[in-house]
$ cat structure-v4.cif   # mmCIF, C-alpha atoms
data_start
#
loop_
_atom_site.label_atom_id
_atom_site.label_comp_id
_atom_site.auth_asym_id
_atom_site.auth_seq_id
_atom_site.Cartn_x
_atom_site.Cartn_y
_atom_site.Cartn_z
CA MET A 1 33.02 25.04 -19.49
CA ARG A 2 32.23 24.10 -15.87
CA LEU A 3 28.45 24.25 -16.35
CA PRO A 4 28.28 21.45 -18.98
CA ALA A 5 30.52 19.26 -16.78
CA LEU A 6 28.25 19.82 -13.76
CA ILE A 7 25.16 19.04 -15.81
CA ALA A 8 26.72 15.81 -17.10
CA LEU A 9 27.77 14.82 -13.56
CA ALA A 10 24.25 15.48 -12.24
CA ALA A 11 22.73 13.39 -15.05
CA VAL A 12 25.04 10.44 -14.36
CA ALA A 13 24.37 10.61 -10.62
CA GLY A 14 20.62 10.81 -11.20
CA CYS A 15 20.67 7.67 -13.37
CA ALA A 16 22.61 5.59 -10.85
CA SER A 17 20.59 2.88 -9.18
CA SER A 18 20.88 1.44 -5.72
CA ALA A 19 20.57 -2.15 -4.60
CA ALA A 20 17.07 -3.23 -3.66
CA THR A 21 16.31 -3.95 -0.04
CA THR A 22 15.07 -7.47 0.52
CA GLY A 23 12.77 -8.62 3.25
CA SER A 24 15.61 -10.56 4.88
CA SER A 25 17.79 -7.53 5.47
CA ALA A 26 18.48 -6.53 9.04
CA GLY A 27 17.98 -3.12 10.55
CA GLY A 28 15.14 -0.67 10.59
CA GLY A 29 13.57 0.92 7.59
CA SER A 30 13.05 4.55 6.94
CA ALA A 31 9.85 6.31 6.09
CA ARG A 32 8.67 9.57 4.65
CA VAL A 33 5.26 11.17 4.81
CA ILE A 34 3.64 11.32 1.38
CA GLY A 35 0.58 13.37 2.06
CA SER A 36 -2.37 14.37 4.10
CA THR A 37 -5.90 14.14 2.76
CA GLY A 38 -7.71 15.65 5.68
CA GLU A 39 -7.62 16.49 9.33
CA GLY A 40 -5.74 13.78 11.21
CA THR A 41 -4.94 11.79 8.05
CA VAL A 42 -1.37 10.67 7.51
CA HIS A 43 -0.11 8.14 5.01
CA ALA A 44 3.47 6.92 4.89
CA ILE A 45 5.64 5.03 2.47
CA SER A 46 7.90 2.20 3.57
CA THR A 47 11.30 2.55 1.98
CA GLY A 48 13.14 0.01 4.10
CA SER A 49 12.62 -3.50 5.38
CA GLU A 50 9.56 -2.75 7.53
CA PRO A 51 6.11 -1.83 6.19
CA ILE A 52 4.62 1.38 7.56
CA ALA A 53 0.92 1.51 8.36
CA GLY A 54 -1.25 4.29 6.98
CA GLU A 55 -3.42 5.76 9.73
CA THR A 56 -6.61 7.74 9.29
CA ARG A 57 -9.30 9.06 11.60
CA ILE A 58 -12.81 9.02 10.19
CA ALA A 59 -16.03 10.60 11.45
CA ALA A 60 -18.02 7.38 11.86
CA PRO A 61 -18.74 5.08 14.79
CA LEU A 62 -16.73 1.86 14.93
CA ALA A 63 -19.72 -0.39 14.14
CA SER A 64 -20.58 1.67 11.07
CA ALA A 65 -17.00 1.61 9.74
CA TRP A 66 -16.73 -2.15 10.37
CA SER A 67 -19.94 -2.76 8.41
CA ARG A 68 -18.47 -0.89 5.38
CA LEU A 69 -15.10 -2.67 5.41
CA ARG A 70 -16.17 -5.70 3.35
CA ALA A 71 -17.51 -3.46 0.55
CA ALA A 72 -14.30 -1.40 0.61
CA TYR A 73 -12.17 -4.50 0.12
CA ASP A 74 -14.56 -5.89 -2.52
CA SER A 75 -14.25 -2.66 -4.53
CA LEU A 76 -10.47 -3.07 -4.54
CA GLY A 77 -10.69 -6.71 -5.63
CA ILE A 78 -9.23 -8.06 -2.37
CA GLN A 79 -10.73 -11.29 -1.05
CA PRO A 80 -10.35 -11.48 2.74
CA THR A 81 -8.46 -14.33 4.38
CA THR A 82 -8.32 -12.68 7.79
CA ILE A 83 -11.52 -11.59 9.55
CA ASP A 84 -11.38 -11.01 13.30
CA ALA A 85 -14.57 -9.28 14.42
CA ALA A 86 -13.44 -9.08 18.07
CA SER A 87 -10.20 -7.25 17.21
CA LYS A 88 -11.73 -5.51 14.18
CA ILE A 89 -9.01 -6.83 11.86
CA TYR A 90 -9.86 -7.50 8.21
CA GLY A 91 -7.73 -8.25 5.18
CA ASN A 92 -5.62 -10.63 3.16
CA ARG A 93 -2.07 -11.50 4.20
CA GLY A 94 -0.91 -13.41 1.15
CA MET A 95 -2.31 -12.59 -2.27
CA GLN A 96 -0.24 -13.81 -5.19
CA ILE A 97 -1.00 -11.44 -8.06
CA ARG A 98 0.46 -10.02 -11.24
CA ARG A 99 -0.18 -6.76 -13.12
CA GLN A 100 -3.49 -5.68 -11.58
CA LEU A 101 -5.46 -5.56 -8.38
CA GLY A 102 -9.08 -5.49 -9.44
CA ASN A 103 -9.02 -3.30 -12.56
CA VAL A 104 -6.12 -1.12 -11.44
CA ARG A 105 -2.45 -1.51 -12.37
CA LEU A 106 -0.35 -2.51 -9.36
CA SER A 107 2.02 0.42 -9.91
CA LYS A 108 -0.75 2.74 -8.70
CA TYR A 109 -0.65 0.98 -5.32
CA ILE A 110 2.95 -0.19 -4.88
CA ASP A 111 6.40 0.86 -6.05
CA CYS A 112 8.84 -1.97 -6.74
CA GLY A 113 11.24 0.23 -8.72
CA ASN A 114 11.63 0.52 -12.47
CA PRO A 115 15.05 -0.84 -13.48
CA GLN A 116 13.95 -1.51 -17.06
CA ALA A 117 12.26 1.87 -17.63
CA ARG A 118 8.85 0.48 -16.70
CA PRO A 119 7.23 -0.07 -13.30
CA SER A 120 8.29 -3.48 -11.97
CA ALA A 121 5.04 -3.79 -10.00
CA ASP A 122 3.15 -4.16 -13.30
CA PHE A 123 5.38 -6.99 -14.60
CA TYR A 124 6.59 -8.91 -11.54
CA ASP A 125 4.95 -11.66 -9.51
CA VAL A 126 3.76 -9.88 -6.38
CA ASN A 127 2.97 -11.22 -2.92
CA LEU A 128 0.69 -8.57 -1.44
CA SER A 129 -0.68 -8.21 2.07
CA VAL A 130 -3.37 -5.65 2.90
CA VAL A 131 -4.74 -5.64 6.45
CA THR A 132 -6.93 -3.03 8.15
CA GLN A 133 -7.57 -2.67 11.86
CA LEU A 134 -10.30 -0.40 13.21
CA SER A 135 -10.51 1.02 16.72
CA ALA A 136 -12.90 3.46 18.35
CA LEU A 137 -11.49 6.87 19.22
CA ASP A 138 -14.81 7.81 20.84
CA SER A 139 -18.48 7.07 20.16
CA ALA A 140 -18.49 9.01 16.88
CA ASN A 141 -14.96 8.56 15.47
CA THR A 142 -12.86 5.59 14.35
CA LYS A 143 -9.15 5.13 13.79
CA VAL A 144 -8.37 3.19 10.59
CA VAL A 145 -4.92 1.61 10.34
CA THR A 146 -4.15 -0.14 7.07
CA THR A 147 -0.84 -1.90 6.49
CA VAL A 148 0.22 -2.71 2.94
CA ASP A 149 3.22 -5.00 2.56
CA ALA A 150 4.47 -6.28 -0.79
CA MET A 151 7.33 -8.35 -2.12
CA ALA A 152 7.93 -8.97 -5.82
CA ARG A 153 10.23 -10.88 -8.14
CA PRO A 154 10.75 -11.06 -11.88
CA VAL A 155 8.59 -13.48 -13.85
CA SER A 156 10.86 -14.20 -16.80
CA PHE A 157 14.14 -14.86 -14.98
CA SER A 158 15.15 -16.08 -11.58
CA GLY A 159 15.69 -13.51 -8.91
CA GLU A 160 15.22 -12.75 -5.28
CA TYR A 161 12.09 -11.14 -3.93
CA ILE A 162 12.46 -7.40 -3.42
CA ARG A 163 10.48 -5.30 -0.98
CA CYS A 164 8.03 -2.90 -2.57
CA ALA A 165 6.85 0.37 -1.03
CA THR A 166 3.24 1.44 -0.77
CA THR A 167 2.16 4.58 -2.61
CA GLY A 168 -0.55 5.22 -0.02
CA ALA A 169 -3.34 4.78 -2.59
CA ILE A 170 -4.80 1.58 -1.09
CA GLU A 171 -4.79 3.09 2.39
CA SER A 172 -6.48 6.26 1.14
CA ARG A 173 -9.07 4.35 -0.86
CA ILE A 174 -10.06 2.15 2.09
CA SER A 175 -10.34 5.17 4.36
CA ASP A 176 -12.43 7.07 1.80
CA LEU A 177 -14.79 4.12 1.34
CA LEU A 178 -15.35 3.83 5.11
CA GLN A 179 -16.55 7.44 5.35
CA PRO A 180 -20.33 7.87 5.62
CA THR A 181 -21.68 9.14 2.29
CA ASP A 182 -25.27 10.08 3.06
CA GLY A 183 -24.73 12.30 6.10
CA THR A 184 -25.59 9.51 8.50
CA LYS A 185 -23.09 7.73 10.61
#

$ encode --input "structure-v4.cif" --output "structure tokens"
Amino acid sequence: MRLPALIALAAVAGCASSAATTGSSAGGGSARVIGSTGEGTVHAISTGSEPIAGETRIAAPLASAWSRLRAAYDSLGIQPTTIDAASKIYGNRGMQIRRQLGNVRLSKYIDCGNPQARPSADFYDVNLSVVTQLSALDSANTKVVTTVDAMARPVSFSGEYIRCATTGAIESRISDLLQPTDGTK
């Protein structure tokens, strides 16, 4: 008789939802590592009020990686609003989008929860910021730091913006696209 009661209790606890963290909340956020795609590659998810940057090291000189950055952003459907060649910063700090980025559903890139049994990122108005900064590690290697920050709110009824977490997919895609493909650096 105890086993069915424990199963029911676990099911109820698993269905409970927590309040969303808004961008105006105080205090630090927490993070968890979501994967490693290669040597020196770490991507993180922001689960609190602060976005966490995904950092990757690629085997390409800084100038080569910088020259590929525009194409990487174009392939994602991100039009740059920030280009600082001296600091090697490239990105867009304020896209207003809904449902898709390029031809990809937003839920592949960000997690805004799913309170109505569907990913909110695919149905909410989203303010998305994607910014990459490159820096030379040495003459043949570059550090790629991409920060994805997103806030979203419902379209069909009034509500506060909620902070969305990155899935790490944008960061990984940018890093992959900056890698030399033909054996040359």

$ residues_around --input "structure-v4.cif" --residues "Gln100 of chain A" --least-positions-apart "2" --cutoff "10 Å" --atoms "only C-alpha atoms" --output "PyMOL selection string"
chain A and resi 77+97-98+102-109+121-123+126

$ write_last_selection --input "structure-v4.cif" --atoms "C-alpha atoms" --output "compact mmCIF listing (two decimals), in the frame of the given file"
# COMPACT_ATOMS: atom_id res chain seq x y z
CA GLY A 77 -10.69 -6.71 -5.63
CA ILE A 97 -1.00 -11.44 -8.06
CA ARG A 98 0.46 -10.02 -11.24
CA GLY A 102 -9.08 -5.49 -9.44
CA ASN A 103 -9.02 -3.30 -12.56
CA VAL A 104 -6.12 -1.12 -11.44
CA ARG A 105 -2.45 -1.51 -12.37
CA LEU A 106 -0.35 -2.51 -9.36
CA SER A 107 2.02 0.42 -9.91
CA LYS A 108 -0.75 2.74 -8.70
CA TYR A 109 -0.65 0.98 -5.32
CA ALA A 121 5.04 -3.79 -10.00
CA ASP A 122 3.15 -4.16 -13.30
CA PHE A 123 5.38 -6.99 -14.60
CA VAL A 126 3.76 -9.88 -6.38

$ residues_near_point --input "structure-v4.cif" --point "(-0.2, 3.8, -2.1)" --cutoff "8 Å" --atoms "all atoms listed in the file" --output "JSON, numbers by chain"
{"A": [45, 108, 109, 110, 165, 166, 167, 168, 169, 170, 171, 172]}

$ residues_around --input "structure-v4.cif" --residues "Asn141 of chain A" --least-positions-apart "3" --cutoff "10 Å" --atoms "all atoms listed in the file" --output "list in words"
Arg57, Ile58, Ala59, Ala60, Pro61, Leu62, Ser64, Ala65, Ser135, Ala136, Leu137, Asp138, Val144 and Lys185 of chain A

$ closest_residue --input "structure-v4.cif" --among "A:Thr147, A:Arg153, A:Arg93, A:Leu177" --to "Ser75 of chain A" --atoms "only C-alpha atoms"
A:Leu177

$ closest_residue --input "structure-v4.cif" --among "A:Glu55, A:Gln96, A:Pro154, A:Ser87" --to "Pro115 of chain A" --atoms "only C-alpha atoms"
A:Pro154

$ closest_residue --input "structure-v4.cif" --among "A:Ala86, A:Ala140, A:Leu76, A:Val155" --to "Gln179 of chain A" --atoms "only C-alpha atoms"
A:Ala140

$ closest_residue --input "structure-v4.cif" --among "A:Thr132, A:Arg118, A:Gly94, A:Tyr124" --to "Arg70 of chain A" --atoms "all atoms listed in the file"
A:Thr132

$ residues_near_point --input "structure-v4.cif" --point "(-17.8, -2.4, 2.4)" --cutoff "12 Å" --atoms "all atoms listed in the file" --output "PyMOL selection string"
chain A and resi 64-80+90-91+173-180

$ resolve_selection --input "structure-v4.cif" --expression "the PyMOL selection byres ((chain A and resi 150) around 7)" --output "PyMOL selection string"
chain A and resi 126-129+148-149+151-152+163-164

$ atom_distance --input "structure-v4.cif" --atom1 "atom CA of Ser156 of chain A" --atom2 "atom CA of Thr81 of chain A"
28.7 Å
